>>> print(open('query.csv').read())   # CSV, C-alpha atoms
chain,number,residue,atom,x,y,z
L,1,MET,CA,-22.0,179.1,70.1
L,2,SER,CA,-24.2,177.1,67.8
L,3,SER,CA,-25.6,173.7,69.1
L,4,SER,CA,-23.6,172.0,66.3
L,5,ALA,CA,-20.3,173.3,67.9
L,6,ARG,CA,-21.4,172.6,71.5
L,7,SER,CA,-18.8,170.7,73.5
L,8,GLY,CA,-19.7,167.0,74.0
L,9,LEU,CA,-20.0,166.0,77.7
L,10,SER,CA,-19.5,162.6,79.2
L,11,ALA,CA,-20.7,161.7,82.7
L,12,CYS,CA,-18.4,159.3,84.6
L,13,ILE,CA,-19.5,157.2,87.6
L,14,ILE,CA,-17.9,154.4,89.6
L,15,THR,CA,-20.2,151.9,91.3
L,16,PHE,CA,-20.4,149.0,93.7
L,17,ASN,CA,-23.7,147.6,94.9
L,18,GLU,CA,-25.7,150.8,94.3
L,19,ILE,CA,-29.0,149.4,93.0
L,20,ASP,CA,-31.0,151.5,95.4
L,21,ARG,CA,-29.4,154.8,94.2
L,22,ILE,CA,-28.3,154.3,90.6
L,23,ASP,CA,-31.7,155.3,89.1
L,24,ALA,CA,-31.8,158.7,90.6
L,25,CYS,CA,-28.1,159.4,89.9
L,26,LEU,CA,-28.4,158.5,86.2
L,27,ALA,CA,-31.7,160.3,85.8
L,28,SER,CA,-30.0,163.5,86.9
L,29,LEU,CA,-27.4,163.1,84.2
L,30,ALA,CA,-29.9,162.8,81.3
L,31,PHE,CA,-28.6,166.0,79.7
L,32,CYS,CA,-25.1,164.5,79.2
L,33,ASP,CA,-24.1,163.1,75.8
L,34,GLU,CA,-23.1,159.8,77.3
L,35,ILE,CA,-22.9,158.1,80.7
L,36,VAL,CA,-19.9,155.9,81.5
L,37,VAL,CA,-20.2,153.5,84.5
L,38,VAL,CA,-17.3,151.6,85.8
L,39,ASP,CA,-18.5,148.9,88.2
L,40,SER,CA,-16.2,146.9,90.5
L,41,GLY,CA,-18.2,143.7,90.6
L,42,SER,CA,-21.6,144.5,92.1
L,43,THR,CA,-23.7,141.6,93.1
L,44,ASP,CA,-27.0,143.4,93.5
L,45,GLY,CA,-27.7,144.1,89.8
L,46,THR,CA,-26.3,147.6,89.7
L,47,ALA,CA,-24.4,147.0,86.4
L,48,GLU,CA,-27.4,145.5,84.7
L,49,ARG,CA,-29.7,148.3,85.8
L,50,ALA,CA,-27.2,150.9,84.6
L,51,THR,CA,-27.1,149.2,81.3
L,52,ALA,CA,-30.8,149.1,81.0
L,53,LEU,CA,-31.0,152.8,81.7
L,54,GLY,CA,-28.7,153.6,78.8
L,55,ALA,CA,-25.3,153.8,80.4
L,56,ARG,CA,-22.2,152.3,78.9
L,57,VAL,CA,-21.0,149.9,81.6
L,58,MET,CA,-17.7,148.2,82.1
L,59,THR,CA,-16.4,146.1,84.9
L,60,ARG,CA,-13.0,146.7,86.5
L,61,ALA,CA,-11.5,145.3,89.7
L,62,PHE,CA,-11.3,148.0,92.3
L,63,ASP,CA,-7.7,149.1,93.2
L,64,GLY,CA,-8.4,152.5,94.7
L,65,TYR,CA,-10.9,155.3,94.4
L,66,ARG,CA,-8.6,157.6,92.5
L,67,ARG,CA,-7.5,154.9,90.0
L,68,GLN,CA,-11.0,153.8,89.4
L,69,LYS,CA,-12.3,157.3,88.7
L,70,ASP,CA,-9.2,158.0,86.5
L,71,PHE,CA,-10.0,154.9,84.5
L,72,ALA,CA,-13.6,156.0,84.0
L,73,VAL,CA,-12.4,159.4,82.7
L,74,SER,CA,-10.0,157.7,80.3
L,75,GLN,CA,-12.9,155.7,78.8
L,76,ALA,CA,-15.1,158.7,78.0
L,77,GLN,CA,-15.8,159.6,74.4
L,78,HIS,CA,-15.6,163.3,75.1
L,79,ASP,CA,-12.8,165.5,76.6
L,80,TRP,CA,-15.2,167.4,78.9
L,81,VAL,CA,-16.3,165.1,81.7
L,82,LEU,CA,-18.6,165.4,84.7
L,83,CYS,CA,-17.7,163.0,87.5
L,84,LEU,CA,-20.2,161.8,90.1
L,85,ASP,CA,-20.4,159.1,92.7
L,86,ALA,CA,-23.5,156.9,92.6
L,87,ASP,CA,-24.9,158.6,95.8
L,88,GLU,CA,-24.8,162.0,94.2
L,89,ARG,CA,-27.4,163.8,92.0
L,90,ILE,CA,-27.3,166.9,89.8
L,91,THR,CA,-30.0,169.4,90.9
L,92,PRO,CA,-32.1,171.3,88.3
L,93,THR,CA,-30.3,174.6,89.2
L,94,LEU,CA,-26.9,173.0,88.8
L,95,ARG,CA,-28.0,171.3,85.6
L,96,ALA,CA,-29.0,174.7,84.1
L,97,ALA,CA,-25.7,176.2,85.1
L,98,ILE,CA,-23.7,173.4,83.5
L,99,GLU,CA,-25.8,173.6,80.3
L,100,ALA,CA,-25.3,177.4,80.2
L,101,ALA,CA,-21.5,176.9,80.5
L,102,ARG,CA,-21.5,174.3,77.8
L,103,ASP,CA,-23.6,176.4,75.5
L,104,VAL,CA,-20.9,179.1,75.5
L,105,GLY,CA,-18.0,176.6,75.0
L,106,PHE,CA,-16.7,176.0,78.5
L,107,THR,CA,-14.5,179.1,79.1
L,108,ALA,CA,-12.5,177.6,82.0
L,109,ALA,CA,-10.4,174.4,82.5
L,110,GLY,CA,-12.8,173.2,85.2
L,111,TYR,CA,-15.8,174.2,87.3
L,112,ARG,CA,-16.6,173.9,91.0
L,113,PHE,CA,-20.0,173.7,92.7
L,114,ALA,CA,-21.4,173.2,96.2
L,115,ARG,CA,-22.2,169.8,97.5
L,116,ALA,CA,-25.0,169.4,100.0
L,117,THR,CA,-25.1,166.3,102.1
L,118,GLU,CA,-28.4,164.8,103.2
L,119,TYR,CA,-28.3,163.6,106.8
L,120,PHE,CA,-31.2,161.9,108.5
L,121,GLY,CA,-33.8,163.4,106.3
L,122,ALA,CA,-32.6,166.9,105.8
L,123,PHE,CA,-29.7,168.6,104.0
L,124,LEU,CA,-26.9,170.1,106.1
L,125,ARG,CA,-26.4,173.8,105.3
L,126,HIS,CA,-23.6,174.7,107.7
L,127,GLY,CA,-20.5,173.4,109.4
L,128,ASN,CA,-17.8,171.4,107.6
L,129,ALA,CA,-20.5,169.8,105.5
L,130,TYR,CA,-21.5,172.8,103.4
L,131,PRO,CA,-20.9,174.3,100.9
L,132,ASP,CA,-18.0,171.7,100.4
L,133,ARG,CA,-17.2,173.0,96.9
L,134,VAL,CA,-16.0,170.2,94.6
L,135,LEU,CA,-14.3,170.3,91.2
L,136,ARG,CA,-16.1,167.7,89.2
L,137,LEU,CA,-16.6,169.2,85.7
L,138,PHE,CA,-13.4,169.6,83.8
L,139,ASP,CA,-11.4,169.2,80.6
L,140,ARG,CA,-9.5,166.0,80.9
L,141,ARG,CA,-6.8,167.4,78.6
L,142,ARG,CA,-5.9,169.9,81.3
L,143,GLY,CA,-6.4,167.9,84.4
L,144,GLY,CA,-8.0,164.9,86.2
L,145,TRP,CA,-7.8,162.7,89.3
L,146,ARG,CA,-4.1,163.3,90.0
L,147,GLY,CA,-1.8,162.3,92.8
L,148,GLU,CA,-1.0,159.2,94.7
L,149,ARG,CA,-3.7,159.3,97.4
L,150,GLU,CA,-6.5,156.8,96.8
L,151,ILE,CA,-8.8,158.1,99.6
L,152,HIS,CA,-10.3,161.6,99.8
L,153,GLU,CA,-9.2,161.9,96.1
L,154,HIS,CA,-9.7,165.1,94.2
L,155,VAL,CA,-9.4,166.6,90.8
L,156,SER,CA,-6.9,169.3,89.8
L,157,VAL,CA,-6.6,171.1,86.5
L,158,ASP,CA,-4.1,173.4,84.8
L,159,GLY,CA,-5.9,176.6,84.2
L,160,ARG,CA,-8.8,178.7,85.4
L,161,VAL,CA,-11.5,177.2,87.6
L,162,LEU,CA,-14.9,178.9,87.9
L,163,GLY,CA,-17.8,178.4,90.2
L,164,LEU,CA,-21.3,177.3,89.1
L,165,ASP,CA,-24.6,178.0,90.9
L,166,GLY,CA,-26.7,175.1,92.3
L,167,ASP,CA,-25.9,172.1,94.5
L,168,LEU,CA,-24.7,168.6,93.9
L,169,GLU,CA,-26.9,166.5,96.2
L,170,HIS,CA,-25.0,164.0,98.2
L,171,ARG,CA,-27.0,161.2,99.8
L,172,ALA,CA,-24.0,159.6,101.4
L,173,TYR,CA,-25.2,157.4,104.2
L,174,ARG,CA,-28.0,154.9,104.4
L,175,SER,CA,-27.9,154.8,108.2
L,176,LEU,CA,-25.7,155.7,111.1
L,177,ALA,CA,-24.2,152.2,111.0
L,178,ASP,CA,-23.3,152.7,107.3
L,179,GLN,CA,-21.6,156.0,108.1
L,180,LEU,CA,-19.6,154.6,110.9
L,181,ARG,CA,-18.5,151.6,108.8
L,182,ARG,CA,-17.4,153.9,106.0
L,183,LEU,CA,-15.5,156.3,108.2
L,184,GLU,CA,-13.7,153.5,110.0
L,185,ARG,CA,-12.5,152.2,106.6
L,186,TYR,CA,-11.5,155.7,105.5
L,187,ALA,CA,-9.6,156.2,108.7
L,188,GLN,CA,-7.7,152.9,108.0
L,189,LEU,CA,-6.9,153.9,104.5
L,190,MET,CA,-5.7,157.4,105.5
L,191,ALA,CA,-3.6,156.0,108.3
L,192,GLU,CA,-2.0,153.5,106.0
L,193,HIS,CA,-1.4,156.2,103.3
L,194,ASP,CA,0.2,158.6,105.8
L,195,HIS,CA,2.3,155.9,107.4
L,196,ALA,CA,3.7,154.7,104.1
L,197,ARG,CA,4.8,158.3,103.4
L,198,GLY,CA,6.6,158.8,106.7
L,199,ARG,CA,4.0,160.8,108.6
L,200,ARG,CA,4.1,160.0,112.4
L,201,ALA,CA,1.3,160.5,114.9
L,202,ARG,CA,2.0,162.6,118.0
L,203,LEU,CA,0.1,162.7,121.2
L,204,ARG,CA,-1.2,166.2,120.3
L,205,HIS,CA,-2.8,164.7,117.2
L,206,LEU,CA,-4.8,162.3,119.2
L,207,LEU,CA,-5.9,164.9,121.7
L,208,VAL,CA,-6.1,168.2,119.8
L,209,ASN,CA,-7.0,167.4,116.2
L,210,PRO,CA,-10.4,165.7,116.9
L,211,PHE,CA,-11.3,168.6,119.2
L,212,TRP,CA,-10.3,171.2,116.6
L,213,ARG,CA,-12.3,169.4,113.9
L,214,PHE,CA,-15.4,169.6,116.2
L,215,LEU,CA,-14.8,173.2,117.2
L,216,ARG,CA,-14.2,174.3,113.6
L,217,GLY,CA,-17.3,172.6,112.2
L,218,TYR,CA,-19.8,173.0,115.0
L,219,VAL,CA,-18.9,176.4,116.4
L,220,LEU,CA,-16.7,178.4,114.0
L,221,ARG,CA,-18.6,177.3,110.8
L,222,ALA,CA,-22.0,177.3,112.6
L,223,GLY,CA,-22.8,173.6,112.4
L,224,PHE,CA,-25.0,174.2,115.4
L,225,ARG,CA,-27.5,175.9,113.1
L,226,ASP,CA,-28.3,172.5,111.6
L,227,GLY,CA,-29.8,171.5,115.0
L,228,TRP,CA,-29.3,167.9,116.3
L,229,ARG,CA,-28.2,166.7,112.9
L,230,GLY,CA,-25.3,169.2,112.9
L,231,LEU,CA,-24.3,168.1,116.4
L,232,ILE,CA,-24.2,164.4,115.5
L,233,TYR,CA,-22.4,165.1,112.2
L,234,ALA,CA,-19.7,167.1,113.9
L,235,TRP,CA,-19.2,164.6,116.7
L,236,VAL,CA,-19.0,161.6,114.3
L,237,GLU,CA,-16.6,163.6,112.1
L,238,ALA,CA,-14.4,164.4,115.1
L,239,ASN,CA,-14.4,160.7,116.0
L,240,TYR,CA,-13.1,159.9,112.4
L,241,VAL,CA,-10.1,162.1,113.0
L,242,ARG,CA,-9.5,160.4,116.3
L,243,GLN,CA,-9.6,157.0,114.7
L,244,LYS,CA,-7.3,158.0,111.9
L,245,PHE,CA,-4.6,159.2,114.3
L,246,ILE,CA,-5.0,156.2,116.7
L,247,LYS,CA,-4.5,153.9,113.7
L,248,LEU,CA,-1.5,155.9,112.6
L,249,TRP,CA,-0.1,155.8,116.2
L,250,LEU,CA,-0.4,152.0,116.2
L,251,LEU,CA,1.2,151.6,112.8
L,252,ASP,CA,4.1,153.8,113.9
L,253,ARG,CA,4.7,151.2,116.7
L,254,GLY,CA,4.5,148.2,114.5
L,255,GLN,CA,1.0,147.1,115.6
L,256,ARG,CA,-1.7,145.6,113.5
L,257,ILE,CA,-4.8,147.7,112.9
L,258,VAL,CA,-6.9,145.0,111.0
>>> encode(input="query.csv", output="C-alpha cells")
Amino acid sequence: MSSSARSGLSACIITFNEIDRIDACLASLAFCDEIVVVDSGSTDGTAERATALGARVMTRAFDGYRRQKDFAVSQAQHDWVLCLDADERITPTLRAAIEAARDVGFTAAGYRFARATEYFGAFLRHGNAYPDRVLRLFDRRRGGWRGEREIHEHVSVDGRVLGLDGDLEHRAYRSLADQLRRLERYAQLMAEHDHARGRRARLRHLLVNPFWRFLRGYVLRAGFRDGWRGLIYAWVEANYVRQKFIKLWLLDRGQRIV
C-alpha cells in the first residue's frame, strides 16, 4: 500500500492529574496522525501540558471509565484508533509492529498486544501481570468500548483480531499507597456493579476466591519467578478480590460501604 493510501491513525487518551506521566505517554505516540486527550478536570496542568505537546484536548466531566474512553474514540478524526491510559507507553518494538500493520492496510478488525506492568523498579514478566494481552488498536466502525461495566472496561470488535509483537509499558502505580487506594476504589466499583445486577456474595467467595487468585498468579502462572515483587503483587491482588467480595457481602445485607 502506498503511503498516500495508508490508514489514518488517532491516539485516544483519558487523563486526570497526570502531569508527571503525560510527556512520556504522548512522546511514545508521535507516530500517530493525531492525539486526542479527554481530560476530566485536572488541577495539575495536565490539559495545558498535553495541548503544548500538540494534542487536541477537550474537557469532559468523568462519568465512568468506559464512557470516557468511548467519548474519546467518538472525537477522533480517523476510524482506526489506538487507546492508551496516561500511565502507558508504546515501546519501540510495538511501534514498529503497529506501523507495519498500518502500512499494509490493517488486515484485521483489531489488534492485541502484551502489556508489561512496572512494579517497584522492574517489569513483571510472569503471573497474572504478564503478558496481559489487551485489545487497544481497532477499527471503531467494527467495535469499541462496549458493555455496561464502567470498571475493568474492555474493547470488543466484530471481526478478526490479530496479535502484534512488542509490549505496552504500564507504569501503573506511583507507590504502594497509590496501588492500595486504587484497588480499594476498584473493589468498591466492582461490588456496586455486581450488586446492581443481582450478583450475591457467598461465604466461599470470601474464603476461596482470594486464595485462588493468589494460587493461580503466584504458583500456576509462575509469579514467584518475579521474586519479591511477584510475591507482593500476588498478595495485594488477592486482597483486592477479598475486598470486592466483602463489599458485595455488605451491600447484599443493606450495609453502607462508603
>>> residues_around(input="query.csv", residues="His78 of chain L", least_positions_apart="4", cutoff="7 Å", atoms="only C-alpha atoms", output="PyMOL selection string")
chain L and resi 8-10
>>> closest_residue(input="query.csv", among="L:Phe211, L:Phe62, L:Trp80, L:Tyr130", to="Asn239 of chain L", atoms="only C-alpha atoms")
L:Phe211
>>> closest_residue(input="query.csv", among="L:Glu237, L:Glu18, L:Asp44, L:Glu34", to="Arg182 of chain L", atoms="all atoms listed in the file")
L:Glu237
>>> residues_near_point(input="query.csv", point="(-23.9, 176.3, 91.9)", cutoff="10 Å", atoms="only C-alpha atoms", output="JSON, numbers by chain")
{"L": [91, 93, 94, 95, 96, 97, 98, 111, 112, 113, 114, 115, 131, 133, 163, 164, 165, 166, 167, 168]}
>>> atom_distance(input="query.csv", atom1="atom CA of Arg142 of chain L", atom2="atom CA of Ala11 of chain L")
17.0 Å
>>> closest_residue(input="query.csv", among="L:Ala101, L:Leu180, L:Asp70, L:Ala172", to="Ser156 of chain L", atoms="only C-alpha atoms")
L:Asp70
>>> residues_near_point(input="query.csv", point="(-12.9, 167.8, 87.6)", cutoff="7 Å", atoms="all atoms listed in the file", output="PyMOL selection string")
chain L and resi 82-83+110+135-138+144+155-156
>>> residues_around(input="query.csv", residues="Arg199 of chain L", least_positions_apart="4", cutoff="10 Å", atoms="all atoms listed in the file", output="list of chain:residue names")
L:Ala191, L:Glu192, L:His193, L:Asp194, L:His195, L:Leu248, L:Trp249, L:Asp252
>>> closest_residue(input="query.csv", among="L:Arg125, L:Ala100, L:Arg242, L:Ile35", to="Arg225 of chain L", atoms="all atoms listed in the file")
L:Arg125
>>> closest_residue(input="query.csv", among="L:Val104, L:Ala27, L:Leu176, L:Leu124", to="Trp228 of chain L", atoms="only C-alpha atoms")
L:Leu124
>>> closest_residue(input="query.csv", among="L:Val57, L:Ile257, L:Ala116, L:Ile151", to="Ala129 of chain L", atoms="all atoms listed in the file")
L:Ala116
>>> atom_distance(input="query.csv", atom1="atom CA of Asp85 of chain L", atom2="atom CA of Ile13 of chain L")
5.5 Å
>>> atom_distance(input="query.csv", atom1="atom CA of Arg60 of chain L", atom2="atom CA of Gln179 of chain L")
25.0 Å
>>> residues_around(input="query.csv", residues="Gly230 of chain L", least_positions_apart="3", cutoff="12 Å", atoms="all atoms listed in the file", output="mmCIF file with C-alpha atoms, keeping the file's coordinate frame")
data_model
loop_
_atom_site.group_PDB
_atom_site.id
_atom_site.type_symbol
_atom_site.label_atom_id
_atom_site.label_comp_id
_atom_site.auth_asym_id
_atom_site.auth_seq_id
_atom_site.Cartn_x
_atom_site.Cartn_y
_atom_site.Cartn_z
ATOM 1 C CA THR L 117 -25.100 166.300 102.100
ATOM 2 C CA GLU L 118 -28.400 164.800 103.200
ATOM 3 C CA TYR L 119 -28.300 163.600 106.800
ATOM 4 C CA PHE L 120 -31.200 161.900 108.500
ATOM 5 C CA ALA L 122 -32.600 166.900 105.800
ATOM 6 C CA PHE L 123 -29.700 168.600 104.000
ATOM 7 C CA LEU L 124 -26.900 170.100 106.100
ATOM 8 C CA ARG L 125 -26.400 173.800 105.300
ATOM 9 C CA HIS L 126 -23.600 174.700 107.700
ATOM 10 C CA GLY L 127 -20.500 173.400 109.400
ATOM 11 C CA ASN L 128 -17.800 171.400 107.600
ATOM 12 C CA ALA L 129 -20.500 169.800 105.500
ATOM 13 C CA TYR L 130 -21.500 172.800 103.400
ATOM 14 C CA PHE L 214 -15.400 169.600 116.200
ATOM 15 C CA GLY L 217 -17.300 172.600 112.200
ATOM 16 C CA TYR L 218 -19.800 173.000 115.000
ATOM 17 C CA VAL L 219 -18.900 176.400 116.400
ATOM 18 C CA ARG L 221 -18.600 177.300 110.800
ATOM 19 C CA ALA L 222 -22.000 177.300 112.600
ATOM 20 C CA GLY L 223 -22.800 173.600 112.400
ATOM 21 C CA PHE L 224 -25.000 174.200 115.400
ATOM 22 C CA ARG L 225 -27.500 175.900 113.100
ATOM 23 C CA ASP L 226 -28.300 172.500 111.600
ATOM 24 C CA GLY L 227 -29.800 171.500 115.000
ATOM 25 C CA TYR L 233 -22.400 165.100 112.200
ATOM 26 C CA ALA L 234 -19.700 167.100 113.900
ATOM 27 C CA TRP L 235 -19.200 164.600 116.700
ATOM 28 C CA VAL L 236 -19.000 161.600 114.300
ATOM 29 C CA GLU L 237 -16.600 163.600 112.100
#
